[in-house]
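Below is work-v5.csv, which holds CSV, C-alpha atoms.
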chain,number,residue,atom,x,y,z
A,754,MET,CA,0.0,0.0,0.0
A,755,CYS,CA,1.3,3.4,-0.9
A,756,ILE,CA,2.3,5.5,2.1
A,757,HIS,CA,1.8,9.0,0.8
A,758,PRO,CA,-1.8,10.1,1.6
A,759,LEU,CA,-4.0,11.5,-1.1
A,760,PRO,CA,-6.2,14.5,-0.4
A,761,TYR,CA,-9.8,13.5,0.0
A,762,PRO,CA,-12.5,14.0,-1.2
A,763,PHE,CA,-10.9,13.7,-4.7
A,764,ARG,CA,-11.2,16.7,-7.0
A,765,ARG,CA,-13.3,16.4,-10.1
A,766,PRO,CA,-11.8,17.3,-13.5
A,767,GLY,CA,-15.2,18.8,-14.5
A,768,PRO,CA,-18.6,19.6,-12.9
A,769,LEU,CA,-20.2,16.4,-14.2
A,770,ALA,CA,-17.1,14.2,-14.3
A,771,VAL,CA,-16.0,11.7,-11.7
A,772,PRO,CA,-12.6,12.0,-10.1
A,773,GLU,CA,-9.7,10.7,-12.2
A,774,GLU,CA,-8.5,8.6,-9.2
A,775,LEU,CA,-11.5,6.3,-9.7
A,776,ASP,CA,-10.0,4.8,-12.8
A,777,THR,CA,-7.0,3.4,-11.0
A,778,ILE,CA,-7.6,3.4,-7.2
A,779,HIS,CA,-9.0,-0.2,-7.2
A,780,ASP,CA,-5.4,-1.3,-7.8
A,781,GLU,CA,-5.0,-0.6,-4.1
A,782,PRO,CA,-7.9,-2.0,-2.0
A,783,VAL,CA,-6.9,0.3,0.9
A,784,ARG,CA,-5.4,3.7,0.5
A,785,ARG,CA,-4.3,6.3,3.0
A,786,VAL,CA,-6.0,9.7,2.5
A,787,SER,CA,-6.0,13.1,4.2
A,788,ILE,CA,-9.5,14.6,4.9
A,789,PRO,CA,-10.5,18.3,5.4
A,790,SER,CA,-10.0,18.1,9.2
A,791,GLY,CA,-6.3,17.2,8.5
A,792,ASP,CA,-6.7,13.7,9.9
A,793,GLU,CA,-5.3,10.8,7.9
A,794,VAL,CA,-7.6,7.8,7.5
A,795,TYR,CA,-7.9,4.6,5.4
A,796,LEU,CA,-10.0,4.6,2.2
A,797,VAL,CA,-11.5,1.2,1.2
A,798,THR,CA,-11.9,1.2,-2.5
A,799,ARG,CA,-13.4,-2.1,-3.8
A,800,HIS,CA,-17.1,-3.0,-4.0
A,801,GLU,CA,-16.9,-6.3,-2.1
A,802,ASP,CA,-14.7,-4.8,0.6
A,803,VAL,CA,-16.9,-1.7,1.0
A,804,ARG,CA,-20.0,-3.8,1.4
A,805,LYS,CA,-18.2,-6.0,4.0
A,806,VAL,CA,-16.9,-2.9,5.9
A,807,LEU,CA,-20.4,-1.4,6.1
A,808,THR,CA,-21.7,-4.5,7.9
A,809,ASP,CA,-18.6,-5.3,10.1
A,810,PRO,CA,-19.3,-4.7,13.8
A,811,ARG,CA,-15.7,-3.8,14.4
A,812,VAL,CA,-16.1,-0.8,12.2
A,813,SER,CA,-18.0,1.8,14.3
A,814,ARG,CA,-19.8,5.0,13.4
A,815,ASN,CA,-19.2,6.4,16.9
A,816,LEU,CA,-16.7,9.2,16.4
A,817,ASN,CA,-17.2,10.6,19.8
A,818,ARG,CA,-14.0,8.9,21.1
A,819,PRO,CA,-11.1,11.4,21.9
A,820,ASP,CA,-8.8,9.7,19.3
A,821,ALA,CA,-11.4,9.4,16.5
A,822,PRO,CA,-10.9,11.4,13.3
A,823,LYS,CA,-13.2,14.3,12.5
A,824,MET,CA,-14.8,15.2,9.1
A,825,SER,CA,-14.2,18.9,9.6
A,826,LYS,CA,-12.5,21.4,11.8
A,827,THR,CA,-15.6,23.6,12.2
A,828,THR,CA,-18.4,21.1,12.8
A,829,MET,CA,-19.3,17.8,14.4
A,830,MET,CA,-22.0,16.9,11.9
A,831,PHE,CA,-23.7,13.5,12.5
A,832,GLN,CA,-21.9,13.2,15.9
A,833,ASP,CA,-23.6,13.5,19.3
A,834,ALA,CA,-22.0,12.2,22.5
A,835,LYS,CA,-25.5,11.5,23.9
A,836,LEU,CA,-26.4,9.0,21.2
A,837,ASP,CA,-24.8,5.6,20.3
A,838,PRO,CA,-24.8,5.3,16.5
A,839,ASP,CA,-23.8,1.6,16.5
A,840,PRO,CA,-25.9,-1.6,17.0
A,841,PRO,CA,-27.7,-2.6,19.1
A,842,GLU,CA,-28.8,0.8,20.3
A,843,HIS,CA,-28.9,2.3,16.8
A,844,THR,CA,-30.8,-0.8,15.6
A,845,ARG,CA,-33.4,-0.2,18.3
A,846,VAL,CA,-33.9,3.5,17.5
A,847,LYS,CA,-33.8,3.0,13.7
A,848,ARG,CA,-36.5,0.3,14.0
A,849,LEU,CA,-38.7,2.7,15.8
A,850,VAL,CA,-38.1,5.5,13.3
A,851,MET,CA,-38.7,3.1,10.4
A,852,ARG,CA,-42.1,2.3,11.8
A,853,ALA,CA,-43.0,5.9,11.3
A,854,PHE,CA,-41.0,6.3,8.1
A,855,SER,CA,-42.7,3.2,6.5
A,856,ALA,CA,-42.8,2.4,2.8
A,857,THR,CA,-46.6,2.8,2.9
A,858,ARG,CA,-46.3,6.3,4.3
A,859,VAL,CA,-43.7,7.2,1.6
A,860,GLU,CA,-45.7,5.7,-1.2
A,861,ARG,CA,-48.8,7.7,-0.2
A,862,LEU,CA,-46.7,10.8,-1.0
A,863,ARG,CA,-46.4,9.9,-4.7
A,864,PRO,CA,-49.6,11.9,-5.7
A,865,ARG,CA,-48.4,14.8,-3.6
A,866,ALA,CA,-45.0,14.7,-5.2
A,867,GLN,CA,-46.6,14.7,-8.6
A,868,GLU,CA,-48.9,17.6,-7.6
A,869,ILE,CA,-46.0,19.7,-6.3
A,870,THR,CA,-43.8,18.9,-9.4
A,871,ASP,CA,-46.6,19.9,-11.8
A,872,GLU,CA,-47.1,23.1,-9.9
A,873,LEU,CA,-43.5,24.0,-10.0
A,874,ILE,CA,-43.1,23.1,-13.7
A,875,ASP,CA,-46.3,25.0,-14.6
A,876,ALA,CA,-44.7,28.1,-13.0
A,877,MET,CA,-41.5,27.5,-15.0
A,878,ALA,CA,-43.5,27.2,-18.2
A,879,ALA,CA,-45.6,30.3,-17.4
A,880,LYS,CA,-42.5,32.4,-16.8
A,881,GLY,CA,-40.8,31.0,-19.9
A,882,PRO,CA,-37.2,30.0,-20.5
A,883,PRO,CA,-34.6,30.1,-19.2
A,884,ALA,CA,-35.0,28.4,-15.9
A,885,ASN,CA,-32.8,27.1,-13.1
A,886,VAL,CA,-33.5,23.5,-12.2
A,887,ALA,CA,-31.9,23.9,-8.7
A,888,GLU,CA,-34.0,26.9,-7.6
A,889,ASP,CA,-37.1,26.5,-9.7
A,890,LEU,CA,-37.7,22.7,-9.1
A,891,ALA,CA,-35.2,20.6,-7.2
A,892,PHE,CA,-34.9,22.5,-3.9
A,893,PRO,CA,-38.5,23.7,-3.6
A,894,LEU,CA,-39.8,20.2,-4.4
A,895,SER,CA,-37.6,18.4,-1.9
A,896,ILE,CA,-38.2,21.0,0.9
A,897,ARG,CA,-41.9,20.9,0.4
A,898,ILE,CA,-42.0,17.1,0.4
A,899,ILE,CA,-40.0,16.6,3.5
A,900,CYS,CA,-41.8,19.4,5.3
A,901,ASP,CA,-45.2,17.8,4.3
A,902,LEU,CA,-43.9,14.5,5.6
A,903,LEU,CA,-42.8,16.0,8.9
A,904,GLY,CA,-45.7,18.3,9.3
A,905,VAL,CA,-43.8,21.6,9.1
A,906,PRO,CA,-46.2,24.5,8.3
A,907,PRO,CA,-45.6,26.0,4.8
A,908,GLN,CA,-44.8,29.4,6.1
A,909,ASP,CA,-41.8,28.0,8.0
A,910,GLN,CA,-40.2,26.0,5.1
A,911,SER,CA,-38.0,28.7,3.7
A,912,ARG,CA,-35.9,28.9,6.9
A,913,PHE,CA,-34.5,25.3,6.6
A,914,ARG,CA,-32.3,26.0,3.6
A,915,ARG,CA,-30.1,28.3,5.7
A,916,TRP,CA,-30.0,25.9,8.6
A,917,THR,CA,-29.1,23.0,6.4
A,918,ASP,CA,-26.3,25.0,4.6
A,919,HIS,CA,-24.7,25.6,8.0
A,920,PHE,CA,-25.1,22.0,9.2
A,921,LEU,CA,-23.4,20.5,6.1
A,922,SER,CA,-20.6,23.1,6.0
A,923,THR,CA,-17.1,21.8,6.0
A,924,SER,CA,-15.4,25.2,5.5
A,925,ARG,CA,-18.1,27.7,4.4
A,926,TYR,CA,-19.0,28.9,7.9
A,927,THR,CA,-17.2,29.4,11.2
A,928,ARG,CA,-17.9,27.2,14.2
A,929,GLN,CA,-19.7,30.1,15.9
A,930,GLU,CA,-22.0,30.6,12.8
A,931,ILE,CA,-22.8,26.9,12.7
A,932,HIS,CA,-23.5,26.8,16.4
A,933,ARG,CA,-25.9,29.8,16.2
A,934,ALA,CA,-27.8,28.4,13.2
A,935,LEU,CA,-28.2,25.0,14.9
A,936,GLY,CA,-29.4,26.7,18.1
A,937,GLU,CA,-32.1,28.3,16.1
A,938,LEU,CA,-33.1,25.0,14.6
A,939,ASN,CA,-33.2,23.3,17.9
A,940,THR,CA,-35.5,26.0,19.3
A,941,TYR,CA,-37.8,25.6,16.3
A,942,MET,CA,-37.9,21.8,16.6
A,943,SER,CA,-38.8,22.0,20.3
A,944,THR,CA,-41.7,24.3,19.5
A,945,LEU,CA,-42.9,22.1,16.6
A,946,ILE,CA,-42.7,18.9,18.8
A,947,THR,CA,-44.7,20.6,21.6
A,948,ALA,CA,-47.3,21.7,19.1
A,949,LYS,CA,-47.6,18.2,17.6
A,950,ARG,CA,-47.8,16.7,21.0
A,951,GLU,CA,-50.8,19.0,21.9
A,952,SER,CA,-52.5,18.5,18.5
A,953,PRO,CA,-51.2,15.4,16.7
A,954,ALA,CA,-51.9,14.9,13.0
A,955,GLY,CA,-51.0,12.4,10.3
A,956,ASP,CA,-47.5,13.6,9.9
A,957,LEU,CA,-44.1,12.0,10.7
A,958,VAL,CA,-43.3,14.1,13.7
A,959,SER,CA,-46.7,13.1,15.3
A,960,ALA,CA,-46.0,9.5,14.4
A,961,LEU,CA,-42.5,9.6,16.0
A,962,ILE,CA,-44.0,11.1,19.2
A,963,GLN,CA,-46.4,8.2,19.4
A,964,VAL,CA,-44.3,5.3,18.1
A,965,HIS,CA,-43.2,2.6,20.5
A,966,ASP,CA,-41.9,-1.0,20.4
A,967,ASP,CA,-42.6,-3.2,23.3
A,968,ASP,CA,-43.1,-0.1,25.4
A,969,THR,CA,-39.6,1.1,24.5
A,970,ARG,CA,-40.3,4.6,23.2
A,971,LEU,CA,-37.9,7.0,21.7
A,972,THR,CA,-36.4,9.1,24.5
A,973,GLU,CA,-37.2,12.8,24.3
A,974,TYR,CA,-33.6,13.5,23.2
A,975,GLU,CA,-33.8,10.8,20.5
A,976,LEU,CA,-37.1,12.2,19.3
A,977,HIS,CA,-35.6,15.7,18.9
A,978,TRP,CA,-32.4,14.4,17.3
A,979,TRP,CA,-34.2,12.3,14.7
A,980,CYS,CA,-36.7,15.0,13.8
A,981,ARG,CA,-33.9,17.4,13.3
A,982,LEU,CA,-31.8,15.0,11.3
A,983,LEU,CA,-34.6,14.0,9.0
A,984,LEU,CA,-35.3,17.6,8.3
A,985,LEU,CA,-31.7,18.6,7.7
A,986,VAL,CA,-30.7,15.8,5.4
A,987,GLY,CA,-34.1,14.7,4.1
A,988,TYR,CA,-34.0,17.1,1.2
A,989,GLU,CA,-30.5,18.4,0.5
A,990,THR,CA,-29.1,15.2,-0.9
A,991,THR,CA,-32.2,14.6,-3.2
A,992,ALA,CA,-32.3,18.1,-4.4
A,993,SER,CA,-28.6,18.1,-5.2
A,994,GLN,CA,-28.9,14.7,-6.9
A,995,LEU,CA,-31.8,15.9,-9.0
A,996,SER,CA,-30.1,19.1,-10.2
A,997,LEU,CA,-26.9,17.1,-11.1
A,998,SER,CA,-28.9,14.3,-12.7
A,999,VAL,CA,-30.8,16.7,-15.1
A,1000,ALA,CA,-27.5,18.3,-16.1
A,1001,LYS,CA,-25.7,15.0,-16.6
A,1002,LEU,CA,-28.6,13.5,-18.7
A,1003,LEU,CA,-28.8,16.6,-20.8
A,1004,SER,CA,-25.1,16.3,-21.5
A,1005,GLU,CA,-25.5,12.7,-22.7
A,1006,PRO,CA,-27.6,13.1,-25.9
A,1007,ASP,CA,-27.6,9.3,-26.8
A,1008,GLN,CA,-28.9,8.4,-23.3
A,1009,LEU,CA,-31.4,11.3,-23.4
A,1010,LYS,CA,-32.7,10.1,-26.7
A,1011,LEU,CA,-33.1,6.5,-25.4
A,1012,LEU,CA,-35.1,7.7,-22.4
A,1013,ARG,CA,-37.3,10.0,-24.5
A,1014,ALA,CA,-38.1,7.1,-26.7
A,1015,ASP,CA,-38.9,4.7,-23.9
A,1016,GLU,CA,-40.1,6.1,-20.6
A,1017,SER,CA,-40.0,2.6,-19.1
A,1018,LEU,CA,-36.3,3.2,-18.8
A,1019,LEU,CA,-36.9,5.9,-16.2
A,1020,ASP,CA,-36.3,3.8,-13.1
A,1021,GLY,CA,-33.1,2.4,-14.6
A,1022,ALA,CA,-32.0,5.9,-15.5
A,1023,VAL,CA,-32.5,7.1,-11.9
A,1024,GLU,CA,-30.5,4.1,-10.6
A,1025,GLU,CA,-27.6,4.8,-13.1
A,1026,LEU,CA,-27.5,8.4,-12.2
A,1027,LEU,CA,-27.4,7.4,-8.5
A,1028,ARG,CA,-24.5,5.0,-9.3
A,1029,TRP,CA,-22.5,8.0,-10.7
A,1030,ARG,CA,-22.8,9.6,-7.2
A,1031,LEU,CA,-22.5,13.0,-8.8
A,1032,MET,CA,-23.0,14.9,-5.5
A,1033,SER,CA,-19.9,14.2,-3.5
A,1034,GLY,CA,-17.4,11.6,-2.1
A,1035,SER,CA,-17.9,9.5,1.0
A,1036,LEU,CA,-16.6,11.8,3.7
A,1037,SER,CA,-19.9,11.4,5.6
A,1038,MET,CA,-19.3,7.6,5.8
A,1039,LEU,CA,-16.3,8.1,8.1
A,1040,ARG,CA,-15.8,5.3,10.6
A,1041,TYR,CA,-13.6,4.2,13.5
A,1042,VAL,CA,-12.0,0.8,13.7
A,1043,THR,CA,-12.4,-0.8,17.2
A,1044,GLU,CA,-10.2,-3.9,16.5
A,1045,ASP,CA,-7.5,-4.7,14.0
A,1046,ILE,CA,-9.2,-5.8,10.7
A,1047,GLU,CA,-8.0,-7.1,7.4
A,1048,VAL,CA,-9.3,-5.6,4.2
A,1049,GLY,CA,-8.0,-6.7,0.9
A,1050,GLY,CA,-4.9,-8.2,2.4
A,1051,VAL,CA,-4.2,-5.0,4.3
A,1052,THR,CA,-4.3,-4.8,8.1
A,1053,ILE,CA,-6.0,-1.7,9.4
A,1054,PRO,CA,-5.1,-1.2,13.0
A,1055,ARG,CA,-7.4,-0.6,15.9
A,1056,GLY,CA,-8.0,3.1,16.5
A,1057,SER,CA,-7.8,4.1,12.8
A,1058,GLY,CA,-10.2,6.1,10.9
A,1059,LEU,CA,-11.8,4.4,7.8
A,1060,ILE,CA,-13.9,5.5,4.9
A,1061,PRO,CA,-15.9,3.0,2.9
A,1062,ALA,CA,-15.6,4.8,-0.5
A,1063,VAL,CA,-19.0,4.3,-2.0
A,1064,GLU,CA,-18.2,6.3,-5.2
A,1065,SER,CA,-15.2,4.0,-5.7
A,1066,ALA,CA,-17.3,0.9,-5.1
A,1067,ASN,CA,-19.8,2.2,-7.7
A,1068,TRP,CA,-16.9,2.4,-10.2
A,1069,ASP,CA,-15.5,-1.2,-9.6
A,1070,ARG,CA,-14.9,-2.9,-12.9
A,1071,GLU,CA,-15.3,-6.3,-11.2
A,1072,VAL,CA,-19.0,-5.4,-10.6
A,1073,PHE,CA,-19.9,-2.9,-13.3
A,1074,GLU,CA,-19.1,-3.3,-17.0
A,1075,ARG,CA,-17.8,-0.1,-18.5
A,1076,PRO,CA,-18.4,1.9,-15.3
A,1077,GLY,CA,-17.2,5.1,-17.1
A,1078,ASP,CA,-20.2,5.0,-19.4
A,1079,LEU,CA,-23.6,6.4,-18.3
A,1080,ASP,CA,-25.8,3.5,-19.4
A,1081,ILE,CA,-29.5,3.9,-18.4
A,1082,THR,CA,-30.2,0.3,-19.7
A,1083,ARG,CA,-27.8,-1.2,-17.2
A,1084,THR,CA,-29.3,-4.1,-15.3
A,1085,ASP,CA,-28.5,-5.5,-11.9
A,1086,ASN,CA,-27.2,-2.1,-10.8
A,1087,ALA,CA,-25.8,-3.0,-7.4
A,1088,HIS,CA,-24.6,0.5,-6.5
A,1089,LEU,CA,-24.0,1.4,-2.9
A,1090,THR,CA,-25.1,5.0,-3.0
A,1091,PHE,CA,-27.6,4.4,-0.2
A,1092,SER,CA,-25.1,2.5,1.8
A,1093,ALA,CA,-25.7,-1.1,3.1
A,1094,GLY,CA,-26.3,-3.0,6.3
A,1095,PRO,CA,-27.5,-1.3,9.5
A,1096,HIS,CA,-27.0,2.2,8.2
A,1097,PHE,CA,-28.8,1.8,4.9
A,1098,CYS,CA,-30.4,5.1,4.1
A,1099,ILE,CA,-34.0,5.2,5.5
A,1100,GLY,CA,-34.8,7.9,3.0
A,1101,ALA,CA,-33.9,5.8,-0.1
A,1102,ALA,CA,-37.5,5.1,-1.1
A,1103,LEU,CA,-38.4,8.8,-0.8
A,1104,ALA,CA,-35.4,9.9,-2.8
A,1105,ARG,CA,-36.2,7.5,-5.6
A,1106,LEU,CA,-39.8,8.6,-5.6
A,1107,GLU,CA,-38.8,12.3,-6.0
A,1108,LEU,CA,-36.2,11.7,-8.6
A,1109,GLN,CA,-38.5,9.5,-10.7
A,1110,THR,CA,-41.4,12.0,-10.5
A,1111,ALA,CA,-39.4,15.1,-11.2
A,1112,LEU,CA,-37.1,13.8,-13.9
A,1113,GLY,CA,-39.9,12.0,-15.8
A,1114,THR,CA,-42.3,15.0,-15.6
A,1115,LEU,CA,-39.6,17.5,-16.7
A,1116,LEU,CA,-38.7,15.5,-19.8
A,1117,ARG,CA,-42.4,14.9,-20.7
A,1118,ARG,CA,-43.3,18.6,-20.3
A,1119,PHE,CA,-40.3,20.0,-22.2
A,1120,PRO,CA,-39.4,17.8,-25.3
A,1121,THR,CA,-36.7,20.2,-26.3
A,1122,LEU,CA,-35.1,20.6,-22.9
A,1123,ARG,CA,-31.4,21.5,-23.0
A,1124,LEU,CA,-28.7,23.3,-21.0
A,1125,THR,CA,-28.2,26.9,-21.8
A,1126,ILE,CA,-24.4,26.6,-21.4
A,1127,ALA,CA,-21.9,23.9,-22.2
A,1128,ALA,CA,-21.8,21.3,-19.4
A,1129,GLU,CA,-18.1,22.0,-18.7
A,1130,LYS,CA,-18.9,25.6,-17.8
A,1131,LEU,CA,-21.3,24.6,-15.0
A,1132,ARG,CA,-20.0,25.4,-11.5
A,1133,ARG,CA,-20.1,23.3,-8.4
A,1134,THR,CA,-20.6,24.5,-4.8
A,1135,GLU,CA,-17.7,24.4,-2.5
A,1136,GLY,CA,-17.1,24.1,1.3
A,1137,THR,CA,-20.0,21.8,1.9
A,1138,LEU,CA,-20.4,18.1,2.5
A,1139,ILE,CA,-23.1,17.7,-0.1
A,1140,GLU,CA,-21.9,19.2,-3.4
A,1141,SER,CA,-24.4,20.5,-5.9
A,1142,LEU,CA,-24.3,22.9,-8.8
A,1143,VAL,CA,-24.4,26.7,-8.2
A,1144,GLU,CA,-27.1,26.7,-10.8
A,1145,THR,CA,-28.5,24.3,-13.5
A,1146,PRO,CA,-29.6,26.6,-16.3
A,1147,ILE,CA,-32.0,25.1,-18.8
A,1148,THR,CA,-34.1,26.3,-21.8
A,1149,TRP,CA,-36.6,24.7,-24.1
As a first step, turn the structure in this file into structure tokens.
Amino acid sequence: MCIHPLPYPFRRPGPLAVPEELDTIHDEPVRRVSIPSGDEVYLVTRHEDVRKVLTDPRVSRNLNRPDAPKMSKTTMMFQDAKLDPDPPEHTRVKRLVMRAFSATRVERLRPRAQEITDELIDAMAAKGPPANVAEDLAFPLSIRIICDLLGVPPQDQSRFRRWTDHFLSTSRYTRQEIHRALGELNTYMSTLITAKRESPAGDLVSALIQVHDDDTRLTEYELHWWCRLLLLVGYETTASQLSLSVAKLLSEPDQLKLLRADESLLDGAVEELLRWRLMSGSLSMLRYVTEDIEVGGVTIPRGSGLIPAVESANWDREVFERPGDLDITRTDNAHLTFSAGPHFCIGAALARLELQTALGTLLRRFPTLRLTIAAEKLRRTEGTLIESLVETPITW
């Protein structure tokens, strides 16, 4: 294994391109990298190894230990000393949350997602081209869906964009600015939970308040933490993925033509765009090794930081034929974008629903949809864990 650490996340050669390192990094199943906090950790690169690491009980998500690496110098995102993010405690809490965040509850949102999508695209059409997918469709759709799901009043929805920007910052804001923004969010969530407790409705916050399993309820702290987390990350990733997916598909005329000719390919197109993991690297997957483990013939010592590189796993030639080609007809698309094992993303079904609805409707409504500028001139956001495009300008 090469000793010299690579800077991570890897830089992209273009706004819609994957990092060049993904072509060769599988030659080393484990690679030392340096992350934004300055910590050096081990990057696991191959699909099989990444999947194993994600389910290995010796690989912990608990970064509250004094010697554990940090994602960023300015924030402790996804970390809380009062919560245990590992099984069995995490399994107990996630099971309770999943009872409220059920597939049935998510599927019931499909007509609402279509209604909001139609409303937003009607407004785009009425205004006329050009438009910005990010601001005119992706973010308002995702914010409204997650707020509908949680039961957040419409008049409060605009505030969450700023709070999420601060929460996901790696270098954009100072520690003090992040602390202040999250304090505002905590105050808001406390008020919302109190209101839902007094007047419960059919929303997710009300369900989380009521949910229990063998009389083992979510604690008050767990309730607040999960409500806040679902709100903060329940829309940012999907909105960013949608903006990038539209841009990527419009930059691939052959694939766009295939999809326009056969809408049954839509679900496969969404999965292939997810495989590309256009948003970001896997910094948020940072783990801590509690015992010596062997990965790909390399011993990773106890106490080390480890990142299961999902974007690298999604590019593994042993699993994906021609991974460098965007292929919406790809079958058996075993990408790991939503993780695997006990930390599989509970919002996967909702993300897929939104992406399918928005992308399909957008292409149907605008048969001549295209970018207003060359794809290579698009600009990506910086200083944040979840990358997106500064804007996704389209015309028709």
Shell around region 923-928 of chain A at 8 Å using all atoms listed in the file, local window under 6 positions removed, as a PyMOL selection string
chain A and resi 789+824-828+1135-1138
From the list A:Pro883, A:Gly1056, A:Pro772, A:Gly955, which residue is nearest Arg1030 (chain A) when using only C-alpha atoms?
A:Pro772
For Ile1147 (chain A), find every residue with an atom within 12 Å (counting only C-alpha atoms), except residues of its own chain fewer than 5 positions away, and show them as a PyMOL selection string.
chain A and resi 877-878+881-890+996+999-1000+1003-1004+1115-1116+1119+1121-1128+1131
Can you list, as an NGL selection string, every protein, DNA or RNA residue that comes within 12 Å of Leu945 (chain A) when you count only C-alpha atoms, leaving out same-chain residues fewer than 3 positions away?
:A and (900 or 903-906 or 909 or 938-942 or 948-953 or 956-959 or 962 or 976-977 or 980-981)
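Between Thr1043 (chain A) and the candidates A:Asp1020, A:Glu1025, A:Asp780, A:Asp820, the tightest atom-to-atom separation, counting only C-alpha atoms, involves A:Asp820.
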Shell of 8 Å around Thr798 (chain A), all atoms listed in the file, local chain residues under 5 positions omitted, as a VMD selection string:
chain A and resid 778 to 779 781 to 784 803 1061 to 1063 1065 to 1066
So how many Å separate CA of Arg1040 (chain A) and CA of Arg915 (chain A), to one decimal?
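Atom-to-atom, CA of Arg1040 (chain A) and CA of Arg915 (chain A) are spaced 27.5 Å apart.
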Between CA of Arg814 (chain A) and CA of Leu1039 (chain A) - distance in Å to one decimal
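We find that CA of Leu1039 (chain A) and CA of Arg814 (chain A) lie 7.1 Å from each other.
Residue nearest Thr844 (chain A) within the list A:Trp1149, A:Phe763, A:Phe1097, A:Tyr795: A:Phe1097 [criterion: smallest interatomic distance, only C-alpha atoms].
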